[in-house]
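*Asks:* Supplied structure: entry-v1.cif, mmCIF, C-alpha atoms.
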data_structure
#
loop_
_atom_site.group_PDB
_atom_site.id
_atom_site.type_symbol
_atom_site.label_atom_id
_atom_site.label_comp_id
_atom_site.auth_asym_id
_atom_site.auth_seq_id
_atom_site.Cartn_x
_atom_site.Cartn_y
_atom_site.Cartn_z
ATOM 1 C CA MET A 18 100.422 88.902 111.587
ATOM 2 C CA GLN A 19 98.092 88.709 108.609
ATOM 3 C CA TYR A 20 98.551 86.004 105.984
ATOM 4 C CA ARG A 21 97.558 86.021 102.332
ATOM 5 C CA LYS A 22 97.604 83.423 99.567
ATOM 6 C CA LEU A 23 100.584 83.737 97.216
ATOM 7 C CA GLY A 24 98.721 83.080 93.986
ATOM 8 C CA LYS A 25 99.083 79.700 92.313
ATOM 9 C CA THR A 26 101.825 78.626 94.732
ATOM 10 C CA GLY A 27 99.132 77.949 97.324
ATOM 11 C CA PHE A 28 101.480 79.275 100.027
ATOM 12 C CA ASN A 29 99.929 81.363 102.800
ATOM 13 C CA VAL A 30 102.558 84.029 103.389
ATOM 14 C CA SER A 31 102.871 86.888 105.838
ATOM 15 C CA ALA A 32 101.421 90.110 104.459
ATOM 16 C CA ILE A 33 104.567 91.840 105.698
ATOM 17 C CA SER A 34 107.485 89.667 104.742
ATOM 18 C CA LEU A 35 111.202 90.438 104.430
ATOM 19 C CA GLY A 36 113.413 91.470 101.547
ATOM 20 C CA THR A 37 117.152 91.051 102.046
ATOM 21 C CA TRP A 38 118.695 93.426 99.504
ATOM 22 C CA GLN A 39 119.332 95.757 102.423
ATOM 23 C CA VAL A 40 120.775 92.882 104.438
ATOM 24 C CA GLY A 41 123.267 92.204 101.678
ATOM 25 C CA GLY A 42 123.233 94.595 98.762
ATOM 26 C CA LYS A 43 124.009 98.082 97.484
ATOM 27 C CA TRP A 44 123.216 99.999 100.668
ATOM 28 C CA GLY A 45 126.711 101.107 101.593
ATOM 29 C CA ASP A 46 127.409 98.732 104.481
ATOM 30 C CA THR A 47 129.689 95.723 104.806
ATOM 31 C CA PHE A 48 127.766 92.473 105.027
ATOM 32 C CA SER A 49 127.490 91.034 108.532
ATOM 33 C CA HIS A 50 126.213 87.511 109.099
ATOM 34 C CA ALA A 51 125.579 88.346 112.768
ATOM 35 C CA ASN A 52 123.425 91.361 111.901
ATOM 36 C CA ALA A 53 121.615 89.383 109.203
ATOM 37 C CA GLY A 54 120.768 86.756 111.797
ATOM 38 C CA ARG A 55 119.352 89.370 114.149
ATOM 39 C CA ILE A 56 117.219 90.897 111.397
ATOM 40 C CA LEU A 57 115.905 87.515 110.253
ATOM 41 C CA GLY A 58 115.231 86.482 113.843
ATOM 42 C CA GLU A 59 113.234 89.616 114.607
ATOM 43 C CA ALA A 60 111.135 89.063 111.503
ATOM 44 C CA VAL A 61 110.365 85.381 112.026
ATOM 45 C CA ASP A 62 109.790 85.814 115.758
ATOM 46 C CA ASN A 63 106.990 88.200 114.817
ATOM 47 C CA GLY A 64 105.269 85.945 112.309
ATOM 48 C CA VAL A 65 107.139 86.616 109.058
ATOM 49 C CA ASN A 66 107.284 83.371 107.065
ATOM 50 C CA PHE A 67 108.465 84.533 103.618
ATOM 51 C CA ILE A 68 112.003 85.747 102.896
ATOM 52 C CA ASP A 69 113.189 87.081 99.563
ATOM 53 C CA THR A 70 116.857 87.131 98.595
ATOM 54 C CA ALA A 71 119.022 86.921 95.443
ATOM 55 C CA ASP A 72 122.291 85.359 94.393
ATOM 56 C CA VAL A 73 123.856 88.769 93.703
ATOM 57 C CA TYR A 74 123.202 90.226 97.147
ATOM 58 C CA SER A 75 126.713 90.493 98.602
ATOM 59 C CA ASP A 76 127.951 87.850 96.157
ATOM 60 C CA GLY A 77 125.937 85.060 97.710
ATOM 61 C CA ASP A 78 126.422 85.973 101.369
ATOM 62 C CA SER A 79 122.774 86.955 101.702
ATOM 63 C CA GLU A 80 121.648 83.565 100.411
ATOM 64 C CA LYS A 81 124.041 81.829 102.798
ATOM 65 C CA ALA A 82 122.739 83.825 105.770
ATOM 66 C CA VAL A 83 119.132 83.087 104.832
ATOM 67 C CA GLY A 84 119.869 79.395 104.360
ATOM 68 C CA ASN A 85 121.715 79.094 107.663
ATOM 69 C CA PHE A 86 118.873 80.820 109.450
ATOM 70 C CA VAL A 87 116.063 78.831 107.845
ATOM 71 C CA ARG A 88 117.798 75.553 108.603
ATOM 72 C CA SER A 89 118.138 76.600 112.257
ATOM 73 C CA ARG A 90 114.407 77.142 112.749
ATOM 74 C CA SER A 91 111.545 74.715 113.183
ATOM 75 C CA GLU A 92 108.869 76.941 111.591
ATOM 76 C CA LYS A 93 107.984 76.644 107.933
ATOM 77 C CA ILE A 94 109.697 79.580 106.243
ATOM 78 C CA TYR A 95 109.226 80.052 102.516
ATOM 79 C CA VAL A 96 112.383 81.072 100.696
ATOM 80 C CA ALA A 97 112.475 82.946 97.420
ATOM 81 C CA THR A 98 115.627 83.816 95.540
ATOM 82 C CA LYS A 99 116.432 85.192 92.105
ATOM 83 C CA CYS A 100 118.767 84.475 89.216
ATOM 84 C CA GLY A 101 120.082 86.224 86.129
ATOM 85 C CA ARG A 102 121.682 89.416 87.378
ATOM 86 C CA GLN A 103 125.107 87.781 87.505
ATOM 87 C CA LEU A 104 125.152 87.760 83.718
ATOM 88 C CA ASN A 105 127.678 90.159 82.216
ATOM 89 C CA PRO A 106 126.734 91.720 79.925
ATOM 90 C CA HIS A 107 123.186 91.656 81.254
ATOM 91 C CA ILE A 108 121.480 91.305 77.884
ATOM 92 C CA SER A 109 118.934 88.878 76.467
ATOM 93 C CA LYS A 110 121.574 86.883 74.549
ATOM 94 C CA SER A 111 123.353 86.094 77.838
ATOM 95 C CA TYR A 112 120.246 84.336 79.121
ATOM 96 C CA GLN A 113 120.771 80.668 78.246
ATOM 97 C CA PRO A 114 119.066 77.655 79.873
ATOM 98 C CA ASP A 115 122.310 75.914 80.821
ATOM 99 C CA VAL A 116 123.647 79.059 82.499
ATOM 100 C CA LEU A 117 120.451 79.682 84.440
ATOM 101 C CA ARG A 118 120.450 76.057 85.575
ATOM 102 C CA LYS A 119 123.913 76.571 87.061
ATOM 103 C CA PHE A 120 122.681 79.674 88.891
ATOM 104 C CA VAL A 121 119.803 77.725 90.439
ATOM 105 C CA GLU A 122 122.106 74.905 91.505
ATOM 106 C CA ALA A 123 124.544 77.423 93.025
ATOM 107 C CA SER A 124 121.719 79.035 95.012
ATOM 108 C CA LEU A 125 120.689 75.632 96.363
ATOM 109 C CA LYS A 126 124.287 75.052 97.447
ATOM 110 C CA ASN A 127 124.574 78.515 99.012
ATOM 111 C CA MET A 128 121.461 77.954 101.113
ATOM 112 C CA GLY A 129 121.916 74.265 101.824
ATOM 113 C CA LEU A 130 118.399 73.507 100.638
ATOM 114 C CA GLU A 131 117.110 70.583 98.600
ATOM 115 C CA ALA A 132 114.578 72.705 96.707
ATOM 116 C CA LEU A 133 113.713 76.358 96.288
ATOM 117 C CA ASP A 134 110.164 77.332 97.198
ATOM 118 C CA LEU A 135 110.329 80.081 94.583
ATOM 119 C CA ILE A 136 112.953 81.024 91.993
ATOM 120 C CA GLN A 137 112.492 84.336 90.173
ATOM 121 C CA LEU A 138 114.053 85.706 87.038
ATOM 122 C CA HIS A 139 115.802 88.823 88.307
ATOM 123 C CA CYS A 140 114.600 91.756 86.206
ATOM 124 C CA PRO A 141 115.725 90.323 82.867
ATOM 125 C CA PRO A 142 115.807 92.448 79.717
ATOM 126 C CA THR A 143 112.400 92.785 78.084
ATOM 127 C CA ASP A 144 113.379 90.533 75.154
ATOM 128 C CA VAL A 145 113.748 87.552 77.522
ATOM 129 C CA TYR A 146 109.972 87.503 78.028
ATOM 130 C CA TYR A 147 109.604 86.597 74.353
ATOM 131 C CA ARG A 148 111.812 83.493 74.605
ATOM 132 C CA PRO A 149 109.749 80.424 75.610
ATOM 133 C CA GLU A 150 112.845 78.242 75.986
ATOM 134 C CA ILE A 151 113.880 80.247 79.038
ATOM 135 C CA PHE A 152 110.586 79.547 80.795
ATOM 136 C CA GLU A 153 110.545 75.892 79.719
ATOM 137 C CA LEU A 154 113.789 75.327 81.644
ATOM 138 C CA PHE A 155 111.995 75.876 84.948
ATOM 139 C CA ASP A 156 109.441 73.180 84.175
ATOM 140 C CA ARG A 157 112.352 70.750 83.905
ATOM 141 C CA LEU A 158 113.870 72.029 87.146
ATOM 142 C CA LYS A 159 110.527 71.526 88.870
ATOM 143 C CA THR A 160 110.304 67.958 87.552
ATOM 144 C CA GLU A 161 113.798 67.357 88.902
ATOM 145 C CA GLY A 162 112.688 68.585 92.343
ATOM 146 C CA LYS A 163 115.051 71.554 92.445
ATOM 147 C CA ILE A 164 112.355 74.229 92.481
ATOM 148 C CA GLN A 165 108.694 74.319 93.436
ATOM 149 C CA ASN A 166 107.628 77.495 91.658
ATOM 150 C CA LEU A 167 108.783 80.041 89.097
ATOM 151 C CA GLY A 168 108.251 83.767 89.440
ATOM 152 C CA ILE A 169 109.476 86.913 87.743
ATOM 153 C CA SER A 170 110.829 90.136 89.151
ATOM 154 C CA VAL A 171 110.108 92.979 86.758
ATOM 155 C CA GLU A 172 110.863 96.631 86.192
ATOM 156 C CA ARG A 173 107.839 97.494 84.046
ATOM 157 C CA VAL A 174 104.155 96.714 83.982
ATOM 158 C CA GLU A 175 104.465 95.624 80.344
ATOM 159 C CA GLU A 176 106.999 92.950 81.353
ATOM 160 C CA ALA A 177 104.677 91.691 84.076
ATOM 161 C CA LEU A 178 101.759 91.406 81.662
ATOM 162 C CA LYS A 179 103.882 89.508 79.133
ATOM 163 C CA GLY A 180 105.425 87.245 81.784
ATOM 164 C CA ILE A 181 102.122 86.039 83.196
ATOM 165 C CA GLU A 182 101.168 84.704 79.766
ATOM 166 C CA TYR A 183 103.408 81.725 80.648
ATOM 167 C CA ASP A 184 101.392 79.157 82.605
ATOM 168 C CA ASN A 185 104.300 78.240 84.867
ATOM 169 C CA VAL A 186 104.797 81.791 86.152
ATOM 170 C CA THR A 187 103.145 81.863 89.585
ATOM 171 C CA THR A 188 104.301 85.204 91.025
ATOM 172 C CA VAL A 189 105.355 88.675 89.978
ATOM 173 C CA GLN A 190 107.598 90.862 92.076
ATOM 174 C CA ILE A 191 107.059 94.518 91.210
ATOM 175 C CA ILE A 192 107.676 98.005 92.585
ATOM 176 C CA PHE A 193 104.487 99.475 94.023
ATOM 177 C CA ASN A 194 104.059 102.270 96.537
ATOM 178 C CA ILE A 195 102.448 105.679 97.027
ATOM 179 C CA PHE A 196 104.976 107.081 94.521
ATOM 180 C CA ARG A 197 104.605 104.189 92.001
ATOM 181 C CA GLN A 198 100.924 103.529 91.430
ATOM 182 C CA ARG A 199 100.639 102.306 87.846
ATOM 183 C CA PRO A 200 100.568 98.566 88.733
ATOM 184 C CA ALA A 201 97.199 99.104 90.443
ATOM 185 C CA GLU A 202 95.619 99.637 87.052
ATOM 186 C CA LEU A 203 95.596 96.859 84.432
ATOM 187 C CA PHE A 204 98.252 94.623 85.990
ATOM 188 C CA PHE A 205 96.493 94.045 89.317
ATOM 189 C CA GLU A 206 93.301 93.233 87.442
ATOM 190 C CA GLN A 207 95.049 90.636 85.270
ATOM 191 C CA ALA A 208 97.002 89.184 88.192
ATOM 192 C CA LYS A 209 93.776 88.486 90.066
ATOM 193 C CA LYS A 210 92.208 86.872 86.991
ATOM 194 C CA LYS A 211 95.182 84.529 86.555
ATOM 195 C CA ASP A 212 95.740 83.843 90.282
ATOM 196 C CA ILE A 213 99.207 85.391 90.229
ATOM 197 C CA GLY A 214 100.903 86.120 93.529
ATOM 198 C CA VAL A 215 101.989 89.761 93.723
ATOM 199 C CA ILE A 216 105.120 90.495 95.745
ATOM 200 C CA VAL A 217 105.669 94.204 96.325
ATOM 201 C CA ARG A 218 109.221 95.498 96.554
ATOM 202 C CA VAL A 219 110.629 99.010 97.189
ATOM 203 C CA PRO A 220 107.476 99.827 99.199
ATOM 204 C CA LEU A 221 109.081 102.818 100.911
ATOM 205 C CA ALA A 222 110.720 104.295 97.791
ATOM 206 C CA SER A 223 114.238 103.551 99.084
ATOM 207 C CA GLY A 224 113.402 105.157 102.422
ATOM 208 C CA LEU A 225 111.847 108.371 101.104
ATOM 209 C CA LEU A 226 108.440 107.339 102.404
ATOM 210 C CA THR A 227 109.716 107.018 105.969
ATOM 211 C CA GLY A 228 109.669 110.818 106.085
ATOM 212 C CA LYS A 229 113.079 110.872 107.733
ATOM 213 C CA PHE A 230 115.190 112.267 104.878
ATOM 214 C CA THR A 231 115.997 115.913 104.222
ATOM 215 C CA LYS A 232 117.920 117.881 101.607
ATOM 216 C CA ASP A 233 120.978 117.478 103.842
ATOM 217 C CA SER A 234 120.734 113.687 104.132
ATOM 218 C CA SER A 235 123.828 111.975 102.752
ATOM 219 C CA PHE A 236 124.457 108.415 101.576
ATOM 220 C CA THR A 237 127.756 106.550 101.489
ATOM 221 C CA ALA A 238 129.626 105.916 98.257
ATOM 222 C CA GLY A 239 128.525 102.265 98.183
ATOM 223 C CA ASP A 240 124.841 103.094 98.648
ATOM 224 C CA HIS A 241 122.728 102.939 95.474
ATOM 225 C CA ARG A 242 120.876 106.046 96.683
ATOM 226 C CA ASN A 243 124.154 107.832 96.039
ATOM 227 C CA PHE A 244 125.435 106.250 92.827
ATOM 228 C CA ASN A 245 122.255 105.239 90.968
ATOM 229 C CA ARG A 246 119.953 108.256 91.123
ATOM 230 C CA ASN A 247 120.054 108.600 87.357
ATOM 231 C CA GLY A 248 120.311 104.896 86.526
ATOM 232 C CA GLU A 249 124.093 104.795 86.283
ATOM 233 C CA ALA A 250 124.330 101.197 87.575
ATOM 234 C CA PHE A 251 120.881 99.657 87.000
ATOM 235 C CA ASP A 252 117.309 100.705 86.344
ATOM 236 C CA LYS A 253 116.705 104.183 87.734
ATOM 237 C CA GLY A 254 113.298 103.093 88.989
ATOM 238 C CA GLU A 255 114.902 100.967 91.716
ATOM 239 C CA THR A 256 116.274 104.084 93.457
ATOM 240 C CA PHE A 257 113.733 106.415 95.096
ATOM 241 C CA SER A 258 111.184 104.812 92.727
ATOM 242 C CA GLY A 259 112.757 106.774 89.901
ATOM 243 C CA ILE A 260 111.597 110.186 91.083
ATOM 244 C CA ASN A 261 113.700 113.292 91.548
ATOM 245 C CA TYR A 262 114.954 113.321 95.140
ATOM 246 C CA GLU A 263 114.033 116.945 95.831
ATOM 247 C CA LYS A 264 110.577 116.489 94.280
ATOM 248 C CA GLY A 265 110.129 113.421 96.441
ATOM 249 C CA LEU A 266 110.934 115.423 99.565
ATOM 250 C CA GLU A 267 108.263 117.950 98.595
ATOM 251 C CA ALA A 268 105.722 115.167 98.190
ATOM 252 C CA VAL A 269 106.672 113.701 101.560
ATOM 253 C CA GLU A 270 106.109 117.064 103.240
ATOM 254 C CA ALA A 271 102.641 117.135 101.688
ATOM 255 C CA LEU A 272 101.957 113.637 103.050
ATOM 256 C CA LYS A 273 103.032 114.759 106.515
ATOM 257 C CA LEU A 274 100.316 117.407 106.444
ATOM 258 C CA ILE A 275 97.734 114.627 106.054
ATOM 259 C CA PHE A 276 99.138 112.768 109.080
ATOM 260 C CA PRO A 277 100.539 115.540 111.324
ATOM 261 C CA TYR A 278 100.665 113.331 114.433
ATOM 262 C CA GLU A 279 102.665 110.499 112.834
ATOM 263 C CA PRO A 280 106.446 110.958 113.210
ATOM 264 C CA ASN A 281 107.160 107.858 111.102
ATOM 265 C CA LEU A 282 105.391 107.581 107.751
ATOM 266 C CA ALA A 283 106.694 104.061 107.006
ATOM 267 C CA PRO A 284 103.827 102.116 108.653
ATOM 268 C CA LEU A 285 101.309 104.350 106.881
ATOM 269 C CA ALA A 286 102.991 103.829 103.513
ATOM 270 C CA LEU A 287 102.927 100.047 104.017
ATOM 271 C CA LYS A 288 99.309 100.138 105.178
ATOM 272 C CA TRP A 289 98.397 101.988 101.978
ATOM 273 C CA ILE A 290 99.777 99.081 99.923
ATOM 274 C CA LEU A 291 97.929 96.457 101.960
ATOM 275 C CA GLN A 292 94.573 97.987 101.062
ATOM 276 C CA PHE A 293 94.945 96.412 97.589
ATOM 277 C CA ASP A 294 93.671 92.844 97.680
ATOM 278 C CA ALA A 295 95.741 91.892 94.627
ATOM 279 C CA VAL A 296 98.872 92.248 96.787
ATOM 280 C CA SER A 297 99.998 88.966 98.349
ATOM 281 C CA CYS A 298 102.853 90.354 100.416
ATOM 282 C CA ILE A 299 105.222 93.268 100.828
ATOM 283 C CA ILE A 300 108.968 92.695 101.227
ATOM 284 C CA PRO A 301 110.394 95.815 102.873
ATOM 285 C CA GLY A 302 114.087 95.640 103.597
ATOM 286 C CA ALA A 303 115.703 96.273 106.946
ATOM 287 C CA SER A 304 119.244 97.019 108.024
ATOM 288 C CA SER A 305 118.468 96.469 111.721
ATOM 289 C CA PRO A 306 115.949 94.610 113.907
ATOM 290 C CA GLU A 307 114.476 97.991 114.840
ATOM 291 C CA GLN A 308 113.555 98.629 111.205
ATOM 292 C CA VAL A 309 111.802 95.261 111.074
ATOM 293 C CA ALA A 310 109.744 96.264 114.115
ATOM 294 C CA SER A 311 108.933 99.618 112.508
ATOM 295 C CA ASN A 312 107.675 97.917 109.354
ATOM 296 C CA LEU A 313 105.441 95.554 111.314
ATOM 297 C CA LYS A 314 103.676 98.482 112.995
ATOM 298 C CA CYS A 315 101.687 98.911 109.789
ATOM 299 C CA LEU A 316 99.538 95.996 110.931
ATOM 300 C CA GLU A 317 98.280 98.201 113.790
ATOM 301 C CA VAL A 318 97.389 101.181 111.585
ATOM 302 C CA PRO A 319 93.608 101.719 111.316
ATOM 303 C CA ASP A 320 92.001 101.819 107.900
ATOM 304 C CA PHE A 321 92.332 105.120 106.094
ATOM 305 C CA THR A 322 89.290 107.330 105.810
ATOM 306 C CA PRO A 323 88.009 108.184 102.318
ATOM 307 C CA GLU A 324 89.203 111.746 102.907
ATOM 308 C CA GLN A 325 92.739 110.580 103.730
ATOM 309 C CA LEU A 326 92.862 108.347 100.652
ATOM 310 C CA THR A 327 91.723 111.221 98.453
ATOM 311 C CA LYS A 328 94.413 113.474 99.876
ATOM 312 C CA ILE A 329 97.111 110.838 99.327
ATOM 313 C CA GLN A 330 95.988 110.485 95.735
ATOM 314 C CA THR A 331 96.112 114.253 95.290
ATOM 315 C CA VAL A 332 99.738 114.297 96.453
ATOM 316 C CA TYR A 333 100.606 111.618 93.895
ATOM 317 C CA ASN A 334 98.754 113.381 91.105
ATOM 318 C CA GLN A 335 100.358 116.724 91.860
ATOM 319 C CA PHE A 336 103.968 115.837 92.636
ATOM 320 C CA ILE A 337 104.717 112.406 91.165
ATOM 321 C CA LYS A 338 102.397 111.202 88.406
ATOM 322 C CA PRO A 339 103.417 113.620 85.616
ATOM 323 C CA ASP A 340 107.070 112.580 85.906
ATOM 324 C CA VAL A 341 107.003 108.815 86.363
ATOM 325 C CA HIS A 342 103.574 107.201 85.885
ATOM 326 C CA HIS A 343 104.124 106.436 82.201
ATOM 327 C CA LEU A 344 107.709 105.171 82.582
ATOM 328 C CA TRP A 345 107.291 101.915 84.473
#
Transcribe the structure of this file into structure tokens.
*Replies:*
Amino acid sequence: MQYRKLGKTGFNVSAISLGTWQVGGKWGDTFSHANAGRILGEAVDNGVNFIDTADVYSDGDSEKAVGNFVRSRSEKIYVATKCGRQLNPHISKSYQPDVLRKFVEASLKNMGLEALDLIQLHCPPTDVYYRPEIFELFDRLKTEGKIQNLGISVERVEEALKGIEYDNVTTVQIIFNIFRQRPAELFFEQAKKKDIGVIVRVPLASGLLTGKFTKDSSFTAGDHRNFNRNGEAFDKGETFSGINYEKGLEAVEALKLIFPYEPNLAPLALKWILQFDAVSCIIPGASSPEQVASNLKCLEVPDFTPEQLTKIQTVYNQFIKPDVHHLW
């Protein structure tokens, strides 16, 4: 395993870490504590020491599974969770310090922890980033010993740039992958200047970048890849990185031509992200221990040649960039 510094937190975290939306979220499966334990065990047994969850993943069951697991292990495992998405309606006015405090305290109870290593605002509306009183709350929670660090999970680069103006923001969780390249421009530059930890989510574009999907692939009714392709439930960019599914399949076929001897594109897609030194860690999800093992294979992938990198960029420029680069 490789380890990288998570910005101002000072934590040294596994370059490949674990996101648990897939363990307990909108992926069409019923939550299973037993399966969650197997996934978490496979990850930590192979050097993963950073786990990301959220209070809304399976109505708190994901947090409970993570907490139970962490408390059962002797290794130091950093735990990050998120708050805010329970608010209904999910608008700026709903974000109030006393409500967010209750969310943090509920997460601590769910996980059975005395303090959260990292609490993140969970993709709040853009207006929230212009309300200092929201960010001041987390200074008080840190003084009280309930959290160690504050981070933000964002949809757009503009939100990330605004959020890191607050001195107490230590990390930014953002979508970044071969099909979502805009963060590598101004945001990565500013994150490095301000020592911000960058946590990359949706690294495989909801599975598209595994290369295993076809036009005939189907997703269950409870899977966001079925019901959120046009942003019906939440930001469209969370599903297939916001790109048209058929266009994405075309781009994947073009990527396969660059790597004709690789049946699984996932390790290559993760390796591509790790070439950016602004990235602290990637949090791919997994619905089975086998998927965890697949993700970790990226650590064995040799560095890309300049020719391969140029070809990857050409695929993005041709198939993806005109449609999505300016949106997020």
*Asks:* As an exercise, work out the distance from CA of Glu92 in chain A to CA of Asp76 in chain A in Å and give it to one decimal place.
*Replies:* 26.9 Å
*Asks:* Considering only C-alpha atoms, give me a table of residues in range 64-175 of chain A that are at most 12 Å from range 296-303 of chain A, with the closest atom pair and distance in Å for each, as a tab-separated table.
*Replies:*
residue	atom	partner	partner_atom	distance
A:Val65	CA	A:Ile300	CA	10.1
A:Asn66	CA	A:Cys298	CA	10.6
A:Phe67	CA	A:Ile300	CA	8.5
A:Ile68	CA	A:Ile300	CA	7.8
A:Asp69	CA	A:Ile300	CA	7.2
A:Thr70	CA	A:Ile300	CA	10.0
A:Ala97	CA	A:Ile300	CA	11.0
*Asks:* On this file, the PyMOL selection byres ((chain A and resi 316-329) around 8) gives some set of residues; write that set as a VMD selection string.
*Replies:* chain A and resid 18 to 19 195 272 275 284 to 285 288 to 289 313 to 315 330 to 333
*Asks:* Could the residues in this selection be saved with C-alpha atoms as a JSON list (two decimals), in the frame of the given file?
*Replies:*
[["chain", "number", "residue", "atom", "x", "y", "z"],
["A", 18, "MET", "CA", 100.42, 88.90, 111.59],
["A", 19, "GLN", "CA", 98.09, 88.71, 108.61],
["A", 195, "ILE", "CA", 102.45, 105.68, 97.03],
["A", 272, "LEU", "CA", 101.96, 113.64, 103.05],
["A", 275, "ILE", "CA", 97.73, 114.63, 106.05],
["A", 284, "PRO", "CA", 103.83, 102.12, 108.65],
["A", 285, "LEU", "CA", 101.31, 104.35, 106.88],
["A", 288, "LYS", "CA", 99.31, 100.14, 105.18],
["A", 289, "TRP", "CA", 98.40, 101.99, 101.98],
["A", 313, "LEU", "CA", 105.44, 95.55, 111.31],
["A", 314, "LYS", "CA", 103.68, 98.48, 113.00],
["A", 315, "CYS", "CA", 101.69, 98.91, 109.79],
["A", 330, "GLN", "CA", 95.99, 110.48, 95.74],
["A", 331, "THR", "CA", 96.11, 114.25, 95.29],
["A", 332, "VAL", "CA", 99.74, 114.30, 96.45],
["A", 333, "TYR", "CA", 100.61, 111.62, 93.90]]
*Asks:* How far is it from CA of Arg90 in chain A to CA of Asp62 in chain A, in Å with one decimal?
*Replies:*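 Between CA of Arg90 in chain A and CA of Asp62 in chain A the gap is 10.3 Å.
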*Asks:* So, counting all atoms listed in the file, which residue among A:Pro141, A:Gly254, A:Gly84, A:Gly239 is closest to Ser111 in chain A?
*Replies:*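 Distance minimum relative to Ser111 in chain A lands on A:Pro141.
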*Asks:* Evaluate the PyMOL selection byres ((chain A and resi 196) around 7) against this structure - the residues, as a list in words, please.
*Replies:*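 On the file shown, the PyMOL selection byres ((chain A and resi 196) around 7) covers Asn194, Ile195, Arg197, Gln198, Ser258, Tyr333 and Ile337 of chain A.
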*Asks:* What lies within 8 Å of Ala82 in chain A using all atoms listed in the file, ignoring chain neighbours under 5 positions off, as an MDAnalysis selection string?
*Replies:* chainID A and resid 50 53:54 128
